[in-house]
Every structure is written in structure tokens, then in C-alpha cells.
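The file upload.cif comes next; it holds mmCIF, C-alpha atoms and all ligand atoms.
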```
data_work
loop_
_atom_site.label_atom_id
_atom_site.label_comp_id
_atom_site.auth_asym_id
_atom_site.auth_seq_id
_atom_site.Cartn_x
_atom_site.Cartn_y
_atom_site.Cartn_z
CA MET J 284 -31.01 13.15 -57.78
CA PRO J 285 -30.21 10.29 -60.14
CA THR J 286 -26.57 11.23 -60.59
CA ARG J 287 -25.83 11.02 -56.90
CA THR J 288 -28.12 8.33 -55.60
CA LEU J 289 -27.50 4.75 -56.53
CA SER J 290 -30.90 3.08 -56.67
CA LEU J 291 -30.05 -0.50 -57.71
CA ARG J 292 -33.62 -1.04 -58.90
CA ASN J 293 -33.05 -4.68 -59.75
CA LEU J 294 -32.68 -5.47 -56.04
CA THR J 295 -36.46 -5.71 -55.56
CA PRO J 296 -37.01 -8.87 -57.63
CA ILE J 297 -33.89 -10.39 -56.06
CA ILE J 298 -35.27 -9.77 -52.56
CA ASP J 299 -38.65 -11.22 -53.60
CA GLY J 300 -36.85 -14.31 -54.88
CA ILE J 301 -35.10 -14.77 -51.54
CA GLN J 302 -38.42 -14.43 -49.69
CA THR J 303 -39.97 -17.18 -51.82
CA ARG J 304 -36.97 -19.44 -51.16
CA PHE J 305 -37.37 -18.98 -47.41
CA GLN J 306 -41.01 -19.92 -47.69
CA THR J 307 -40.23 -23.05 -49.70
CA LEU J 308 -37.68 -24.19 -47.11
CA ALA J 309 -40.07 -23.40 -44.25
CA GLU J 310 -42.89 -25.33 -45.90
CA LYS J 311 -40.63 -28.35 -46.20
CA MET J 312 -39.82 -28.02 -42.51
CA ILE J 313 -43.44 -28.10 -41.38
CA SER J 314 -44.41 -30.89 -43.76
CA GLY J 315 -41.88 -33.10 -41.99
CA GLU J 316 -39.73 -33.43 -45.09
CA ASN J 317 -36.85 -31.42 -43.69
CA PRO J 318 -34.73 -29.49 -46.19
CA SER J 319 -31.16 -30.73 -46.43
CA ALA J 320 -28.33 -28.76 -44.85
CA GLN J 321 -27.04 -28.21 -48.36
CA GLU J 322 -30.30 -26.58 -49.46
CA THR J 323 -30.39 -24.12 -46.57
CA ASN J 324 -26.70 -23.41 -46.85
CA GLN J 325 -27.13 -22.63 -50.53
CA LEU J 326 -29.57 -19.83 -49.73
CA LEU J 327 -27.30 -18.43 -47.03
CA LEU J 328 -24.38 -18.37 -49.46
CA GLU J 329 -26.50 -16.61 -52.08
CA ILE J 330 -27.51 -13.92 -49.61
CA GLN J 331 -23.88 -13.40 -48.67
CA SER J 332 -22.88 -13.17 -52.29
CA ILE J 333 -25.61 -10.63 -53.20
CA LYS J 334 -24.59 -8.51 -50.24
CA GLN J 335 -21.01 -8.62 -51.52
CA THR J 336 -22.12 -7.60 -55.01
CA VAL J 337 -23.99 -4.56 -53.70
CA HIS J 338 -20.92 -3.56 -51.74
CA GLN J 339 -18.76 -3.95 -54.81
CA ARG J 340 -21.11 -1.87 -56.95
CA CYS J 341 -20.96 0.92 -54.39
CA GLN J 342 -17.19 0.80 -54.42
CA ASN J 343 -17.14 0.95 -58.20
CA ARG J 344 -19.18 4.15 -57.98
CA ALA J 345 -16.96 5.56 -55.21
CA CYS J 346 -19.79 5.60 -52.72
CA GLN J 347 -20.80 3.86 -49.52
CA PRO J 348 -23.87 1.63 -49.02
CA ALA J 349 -25.29 4.35 -46.73
CA ASP J 350 -25.38 6.62 -49.79
CA LEU J 351 -27.84 4.30 -51.53
CA SER J 352 -31.45 5.29 -52.02
CA GLU J 353 -33.70 4.56 -49.05
CA SER J 354 -35.14 1.36 -50.52
CA ALA J 355 -31.82 0.00 -51.74
CA TYR J 356 -30.19 0.76 -48.38
CA ARG J 357 -33.02 -1.04 -46.59
CA ALA J 358 -32.44 -4.05 -48.79
CA PHE J 359 -28.68 -3.93 -48.27
CA LEU J 360 -28.96 -3.80 -44.47
CA TRP J 361 -31.41 -6.71 -44.57
CA LEU J 362 -28.92 -8.75 -46.58
CA VAL J 363 -26.12 -7.86 -44.16
CA PHE J 364 -28.30 -8.93 -41.25
CA LEU J 365 -29.34 -12.25 -42.79
CA SER J 366 -25.78 -13.00 -43.87
CA LYS J 367 -25.07 -13.90 -40.27
CA PRO J 368 -25.90 -17.59 -39.83
CA GLN J 369 -27.62 -17.02 -36.48
CA HIS J 370 -30.04 -14.45 -37.91
CA PHE J 371 -30.58 -16.60 -40.98
CA GLU J 372 -31.61 -19.53 -38.76
CA GLN J 373 -33.91 -17.34 -36.67
CA HIS J 374 -35.51 -15.92 -39.80
CA LEU J 375 -36.19 -19.33 -41.27
CA SER J 376 -37.52 -20.56 -37.96
CA PHE J 377 -39.87 -17.58 -37.70
CA ILE J 378 -41.31 -18.22 -41.17
CA SER J 379 -41.91 -21.89 -40.41
CA HIS J 380 -43.60 -21.10 -37.08
CA PHE J 381 -45.78 -18.51 -38.74
CA LEU J 382 -46.80 -20.92 -41.51
CA LYS J 383 -47.56 -23.61 -38.96
CA GLU J 384 -49.79 -21.30 -36.93
CA TRP J 385 -51.44 -20.11 -40.15
CA LYS J 386 -52.16 -23.60 -41.44
CA ASP J 387 -53.68 -24.60 -38.12
CA ARG J 388 -56.16 -21.78 -38.43
CA SER J 389 -56.80 -21.09 -42.10
CA HIS J 390 -57.06 -23.00 -45.37
CA LYS J 391 -56.13 -19.99 -47.43
CA VAL J 392 -52.84 -19.91 -49.27
CA VAL J 393 -50.37 -17.44 -47.85
CA LEU J 394 -47.10 -15.96 -49.02
CA VAL J 395 -45.25 -14.66 -46.01
CA LYS J 396 -42.37 -12.25 -46.19
CA MET J 397 -40.36 -10.88 -43.34
CA TYR J 398 -38.45 -7.77 -44.20
CA ASN J 399 -36.64 -4.67 -43.04
CA SER J 400 -39.69 -2.69 -44.11
CA SER J 401 -40.73 0.81 -43.10
CA PHE J 402 -44.02 -0.60 -41.79
CA VAL J 403 -44.40 -3.31 -39.14
CA PHE J 404 -47.17 -5.30 -40.75
CA GLN J 405 -49.09 -5.52 -43.99
CA CYS J 406 -51.61 -8.10 -45.13
CA LYS J 407 -52.94 -8.05 -48.66
CA PRO J 408 -55.74 -10.48 -49.39
CA GLY J 409 -55.60 -11.39 -53.06
CA ARG J 410 -57.77 -13.50 -55.37
CA THR J 411 -55.59 -16.57 -55.12
CA HIS J 412 -53.59 -15.97 -51.97
CA PHE J 413 -52.75 -13.69 -49.06
CA THR J 414 -49.49 -11.77 -49.09
CA VAL J 415 -48.28 -10.95 -45.61
CA THR J 416 -45.27 -8.76 -44.92
CA ILE J 417 -43.99 -8.69 -41.37
CA GLY J 418 -41.37 -6.33 -39.99
CA GLU J 419 -38.04 -8.07 -39.32
CA GLY J 420 -38.26 -6.71 -35.77
CA PHE J 421 -40.67 -9.58 -34.98
CA LEU J 422 -37.82 -12.03 -35.55
CA THR J 423 -37.67 -13.14 -31.93
CA ALA J 424 -41.45 -13.11 -31.43
CA ASP J 425 -42.82 -15.68 -29.00
CA SER J 426 -45.83 -17.88 -29.68
CA GLN J 427 -48.22 -15.32 -28.19
CA ALA J 428 -46.93 -12.66 -30.60
CA MET J 429 -47.14 -15.15 -33.46
CA HIS J 430 -50.76 -15.72 -32.53
CA THR J 431 -51.42 -11.96 -32.64
CA LEU J 432 -49.79 -11.68 -36.07
CA VAL J 433 -52.02 -14.37 -37.51
CA ASN J 434 -55.04 -12.79 -35.78
CA CYS J 435 -54.31 -9.53 -37.56
CA CYS J 436 -54.27 -11.26 -40.94
CA LEU J 437 -57.48 -13.15 -40.38
CA GLN J 438 -59.32 -10.37 -38.59
CA SER J 439 -57.81 -6.91 -38.69
CA ASN J 440 -59.97 -5.31 -36.03
CA ARG J 441 -58.94 -2.56 -33.63
CA THR J 442 -58.12 -4.82 -30.71
CA ASN J 443 -55.81 -7.02 -32.75
CA LEU J 444 -54.09 -4.09 -34.39
CA ALA J 445 -53.60 -2.33 -31.03
CA GLU J 446 -52.00 -5.50 -29.68
CA LEU J 447 -49.72 -5.64 -32.71
CA ARG J 448 -48.74 -2.00 -32.33
CA LYS J 449 -47.83 -2.66 -28.71
CA LEU J 450 -45.59 -5.54 -29.75
CA SER J 451 -43.88 -3.40 -32.37
CA ARG J 452 -42.90 -0.94 -29.64
CA SER J 453 -41.43 -3.60 -27.38
CA SER J 454 -37.76 -3.66 -26.49
CA THR J 455 -37.23 -6.94 -28.34
CA TYR J 456 -38.55 -5.43 -31.56
CA LYS J 457 -36.35 -2.39 -31.07
CA GLN J 458 -33.28 -4.51 -30.39
CA VAL J 459 -33.62 -6.36 -33.67
CA MET J 460 -34.18 -3.13 -35.60
CA GLU J 461 -31.18 -1.53 -33.96
CA SER J 462 -28.96 -4.39 -34.90
CA ILE J 463 -30.14 -4.10 -38.50
CA TRP J 464 -29.73 -0.33 -38.64
CA GLN J 465 -26.20 -0.05 -37.41
CA HIS J 466 -24.60 3.11 -38.50
CA THR J 467 -22.32 2.84 -41.42
CA ALA J 468 -20.27 5.66 -42.83
CA GLN J 469 -21.76 7.91 -45.45
CA SER J 470 -19.67 9.62 -48.09
CA THR J 471 -20.06 13.28 -48.96
CA ARG J 472 -21.43 12.11 -52.29
CA SER J 473 -25.00 11.83 -51.02
CA THR J 474 -25.03 14.66 -48.47
CA ASN J 475 -23.46 17.27 -50.69
CA GLY J 476 -26.09 18.85 -52.92
CA ASP J 477 -25.58 21.31 -55.75
CA PHE J 478 -25.84 24.27 -53.36
CA TYR J 479 -26.06 22.94 -49.84
CA ASP J 480 -24.10 20.33 -47.95
CA LEU J 481 -26.32 18.62 -45.39
CA GLN J 482 -23.37 17.35 -43.39
CA GLN J 483 -21.97 20.86 -42.96
CA LEU J 484 -25.36 22.30 -42.07
CA PHE J 485 -25.98 19.53 -39.57
CA LYS J 486 -22.68 20.27 -37.83
CA LYS J 487 -23.41 23.98 -37.75
CA ILE J 488 -26.90 23.60 -36.26
CA ASN J 489 -25.77 20.92 -33.85
CA THR J 490 -23.17 23.34 -32.48
CA GLU J 491 -25.44 26.37 -32.43
CA TYR J 492 -28.57 24.85 -30.95
CA PHE J 493 -27.80 21.44 -29.49
CA GLN J 494 -24.37 21.91 -27.84
CA ASN J 495 -23.19 19.19 -30.23
CA GLY J 496 -25.36 16.79 -28.26
CA LEU J 497 -27.20 15.23 -31.18
CA SER J 498 -25.68 12.02 -32.53
CA GLN J 499 -25.07 11.76 -36.24
CA PRO J 500 -28.16 10.65 -38.19
CA ARG J 501 -28.12 9.49 -41.80
CA LEU J 502 -28.63 12.57 -43.96
CA CYS J 503 -30.22 12.41 -47.39
CA TRP J 504 -31.52 14.58 -50.15
CA SER J 505 -34.78 13.17 -51.45
CA SER J 506 -34.88 11.80 -54.96
CA ARG J 507 -38.22 13.49 -55.65
CA ARG J 508 -38.60 17.28 -55.71
CA ALA J 509 -41.36 17.47 -53.13
CA THR J 510 -42.59 21.02 -52.60
CA ARG J 511 -45.02 20.40 -49.74
CA ARG J 512 -43.28 18.01 -47.42
CA LEU J 513 -39.84 19.56 -47.33
CA GLY J 514 -38.29 17.33 -44.75
CA TYR J 515 -38.94 14.31 -42.59
CA TYR J 516 -37.31 12.29 -39.89
CA HIS J 517 -37.58 8.49 -39.74
CA PRO J 518 -36.92 7.40 -36.16
CA ASP J 519 -36.59 3.70 -37.00
CA THR J 520 -33.87 4.34 -39.53
CA ASP J 521 -32.53 7.49 -37.86
CA THR J 522 -32.62 9.28 -41.20
CA ILE J 523 -33.28 12.93 -41.94
CA THR J 524 -34.36 13.51 -45.52
CA LEU J 525 -34.69 16.95 -47.04
CA SER J 526 -36.50 17.56 -50.30
CA CYS J 527 -34.00 18.28 -53.07
CA PHE J 528 -36.34 21.15 -53.96
CA LEU J 529 -34.53 23.07 -51.20
CA ASP J 530 -31.17 22.55 -52.88
CA GLN J 531 -31.32 25.56 -55.19
CA ARG J 532 -29.93 29.07 -55.40
CA THR J 533 -33.29 30.78 -54.84
CA ILE J 534 -33.75 29.18 -51.42
CA PRO J 535 -31.86 31.14 -48.74
CA SER J 536 -29.60 29.09 -46.50
CA TYR J 537 -31.52 30.03 -43.33
CA VAL J 538 -34.60 28.33 -44.82
CA VAL J 539 -32.73 25.09 -45.49
CA GLU J 540 -31.23 25.33 -42.00
CA TYR J 541 -34.65 25.91 -40.48
CA VAL J 542 -36.15 22.82 -42.13
CA LEU J 543 -33.15 20.78 -41.00
CA TYR J 544 -33.43 22.26 -37.48
CA HIS J 545 -37.09 21.20 -37.38
CA GLU J 546 -36.18 17.61 -38.29
CA MET J 547 -33.33 17.59 -35.79
CA LEU J 548 -35.83 18.61 -33.11
CA HIS J 549 -37.90 15.57 -34.06
CA LYS J 550 -34.85 13.41 -33.54
CA LYS J 551 -34.16 15.01 -30.18
CA LEU J 552 -37.71 15.07 -28.80
CA GLY J 553 -39.15 11.91 -30.31
CA LEU J 554 -42.87 11.27 -30.35
CA LYS J 555 -45.16 11.74 -27.40
CA GLU J 556 -47.80 9.09 -26.99
CA VAL J 557 -51.29 10.18 -25.97
CA ASN J 558 -54.10 7.61 -25.93
CA SER J 559 -52.07 5.48 -28.33
CA TYR J 560 -51.79 8.38 -30.78
CA ARG J 561 -48.32 9.61 -31.41
CA LEU J 562 -47.86 13.35 -31.33
CA ALA J 563 -44.91 15.03 -32.97
CA HIS J 564 -45.60 18.77 -32.80
CA THR J 565 -46.23 19.18 -29.12
CA THR J 566 -46.25 22.48 -27.23
CA GLN J 567 -42.70 21.77 -26.13
CA PHE J 568 -41.73 21.15 -29.75
CA LYS J 569 -43.24 24.42 -30.90
CA GLN J 570 -41.54 26.37 -28.14
CA GLN J 571 -38.15 24.99 -29.08
CA GLU J 572 -38.81 25.54 -32.76
CA LYS J 573 -39.21 29.26 -32.08
CA LYS J 574 -35.67 29.39 -30.71
CA PHE J 575 -34.37 29.28 -34.26
CA LYS J 576 -32.80 32.70 -34.84
CA GLN J 577 -34.54 33.54 -38.13
CA TYR J 578 -37.73 31.76 -37.14
CA THR J 579 -40.13 34.50 -38.34
CA ASP J 580 -38.35 35.03 -41.66
CA ALA J 581 -38.08 31.33 -42.36
CA GLU J 582 -41.75 30.70 -41.57
CA LYS J 583 -42.70 33.61 -43.80
CA PHE J 584 -40.59 32.31 -46.66
CA LEU J 585 -42.06 28.82 -46.36
CA LYS J 586 -45.63 30.16 -46.28
CA GLY J 587 -44.83 32.12 -49.46
CA LEU J 588 -43.73 28.87 -51.12
CA GLN J 589 -47.02 27.15 -50.29
CA ARG J 590 -48.94 29.95 -51.95
CA THR J 591 -47.15 29.74 -55.28
ZN ZN G 601 -42.53 18.06 -38.14
#
```

In C-alpha cells, how does this file's structure come out?
Ligand SMILES: [Zn+2]
Amino acid sequence: MPTRTLSLRNLTPIIDGIQTRFQTLAEKMISGENPSAQETNQLLLEIQSIKQTVHQRCQNRACQPADLSESAYRAFLWLVFLSKPQHFEQHLSFISHFLKEWKDRSHKVVLVKMYNSSFVFQCKPGRTHFTVTIGEGFLTADSQAMHTLVNCCLQSNRTNLAELRKLSRSSTYKQVMESIWQHTAQSTRSTNGDFYDLQQLFKKINTEYFQNGLSQPRLCWSSRRATRRLGYYHPDTDTITLSCFLDQRTIPSYVVEYVLYHEMLHKKLGLKEVNSYRLAHTTQFKQQEKKFKQYTDAEKFLKGLQRT
């Protein structure tokens, strides 16, 4: 949906640039040659100014930051978060602690990024250096957690990864993520498709099936016309995305409503954890799914789509 979604593709290299700057400052810190207040302040000011520019560009297009594409919105919220001096300090301190722990244990060169990413951890060993991306939720990690993070880079076995997963589900991780993903208003620009308005459908289903008990998630049409995965719910970002494939005349409204209802059930019921596996479509889920009035028709229609 290129006309409706503002992607701001050039944000990616800008974010990468900021990550490198953090690393440079952190390396100075651990080498004993502390960066000057002016140097750190310069980076903070730049982050604040980029955040302002994104905001301005949204205004120029008569939209809200929450209307941005998923990746641009992630970047924007990260900039907003780091614009606060306290978070900026914590972020820089995390990077320097990580680098210190790393250098005590490995001679390999590492580029460490901490980001508002959809994953909690990623380590890519390259020919010349390691690239490690750590979820911003680890911001307030203690030294034990820092140790686990480095363990996972140097030896990504099951025990280490299980430990990491546990940390990523801790209340401290959640708190940081929640303060990054604070709800901001969305304009009708991104929820209103050519045929269906997600905001209207959400209200309707919330009244009919949830006694208006479901809080407002971020609602998006996907930018790609996926025909298999028609909808998904991201709990960390509280976003329901529907494939823009559904936004067409030939798709009956009860089908769009059914897919949205399914995702709203995910928001309501969450994931059930069994032996460290997370289950989404539990028996309880399936029972509630059947409460949708045109359940049989909608299922039939969707099965017909898969066949073509
Ligand atoms: Zn599902």
C-alpha cells in the first residue's frame, strides 16, 4: 500500500550510523580515554533532531507516526525512547558493559547494536567480525544477564538460549518494551483501506464479541499482498496486521471480520506456555473461534482461497 504507508526507507542507514557512534563512544569509555561530554551530547542532540524530522515528515503527509510502516515505526519509537537523556545514558552504559564483558572473554571483533527489534537476540558471525543485535528490552540487564548474552554469542547452545529466552520474558524486559511502545494516535489514513476500514471493523467486533473489553491495538494493512498468512498479531508491539489482499470487493466483509476476530482472540488470550513452547491455537482458542456467527461460511471461503 505505497500510497498510504510512509516507509521512510532511508531511516535504516541512519539508525546503523547511530549504532556505530554508540559503539565508538563505548569503546572510548572502556579504554579509559573517556569521551567528552560534548561528544556524547552531540549524539543525543542528533537523535533528538532525527526524531523531530520524522515527526515533521509525517505532519507534511498529514499522517501520524503510528501510521508509518512497521519498520519505520519501530525506528521512530526507538529514537523517541533514546531522546530521553536517562535512556540515552543507560543505552550507552549497556553497550560499554557488553563490550567490556566481550573483550574479557573473546579476541574477536564485535559490532554490537541494541535496538527496538522484533527479535530479542541475533548474533551473526562474519569473516571479519561478529554482528550482535540485542533487544532494547535488555537495557537494564544486570551483570548475570550480560554474561548470558555473551555466552549466547560465543556458544549458542540450548542451555544458553533457554536462559536468554527466560530473561526476555522477565518483567524488567517487559517494562522497557512497554515504555518504548507507548500508544500513540493513529490516523484513519492507515486503517482505512480501499474497501474496508479496520478501525470500524475493530469497533464492531469488539462490541459484538468482547463487550468492548479489548483495548485498542495498532491496526495495519500489510504492505505485501500475502495470500497465505492473512493476518497476524504481534504481542510485543500490540499490532494487528491484516493482509491487504483482503481489502478487495471480491472478499465478503464477514471474511475480513473473521480474520480480524481471530487476531483479536490472540490479543485477548495470549500465548500458553507448555514445556517452553508457546502455543497459540489452544483448545480454548478454537472453542472461542467457533463463536463467530458466520464461522462455517468464513472457514469455507478461506479454504476455497487456499485451493486457488
Ligand atoms: Zn492464529

Return as JSON, numbers by chain the residues of protein, DNA or RNA that approach ligand ZN 601 (chain G) to within 10 Å, with only C-alpha atoms and all ligand atoms taken into account. {"J": [512, 513, 514, 515, 516, 542, 545, 546, 547, 548, 549, 562, 563, 564, 565, 568, 569, 572]}

Per-residue nearest contacts stretch 429-499 of chain J to stretch 373-386 of chain J, cut-off 9 Å, using all atoms listed in the file, as a Markdown table:
```
| residue | atom | partner | partner_atom | distance |
| --- | --- | --- | --- | --- |
| J:Met429 | CA | J:Phe381 | CA | 6.4 |
| J:His430 | CA | J:Glu384 | CA | 7.2 |
| J:Leu432 | CA | J:Phe381 | CA | 8.4 |
| J:Val433 | CA | J:Trp385 | CA | 6.3 |
```

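Closest approach to J:Gln369 among J:Leu481, J:Val395, J:Leu450, J:Leu422: J:Leu422, based on all atoms listed in the file.
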
Shortest interatomic distance to J:Asp521 - which of J:Lys486, J:Lys396, J:Ser401, J:Gly409, counting all atoms listed in the file: J:Ser401

Sphere at (-25.6, -20.2, -41.8), radius 10 Å, counting only C-alpha atoms: residues as a ChimeraX atom specification: /J:320,323-328,331,365-372
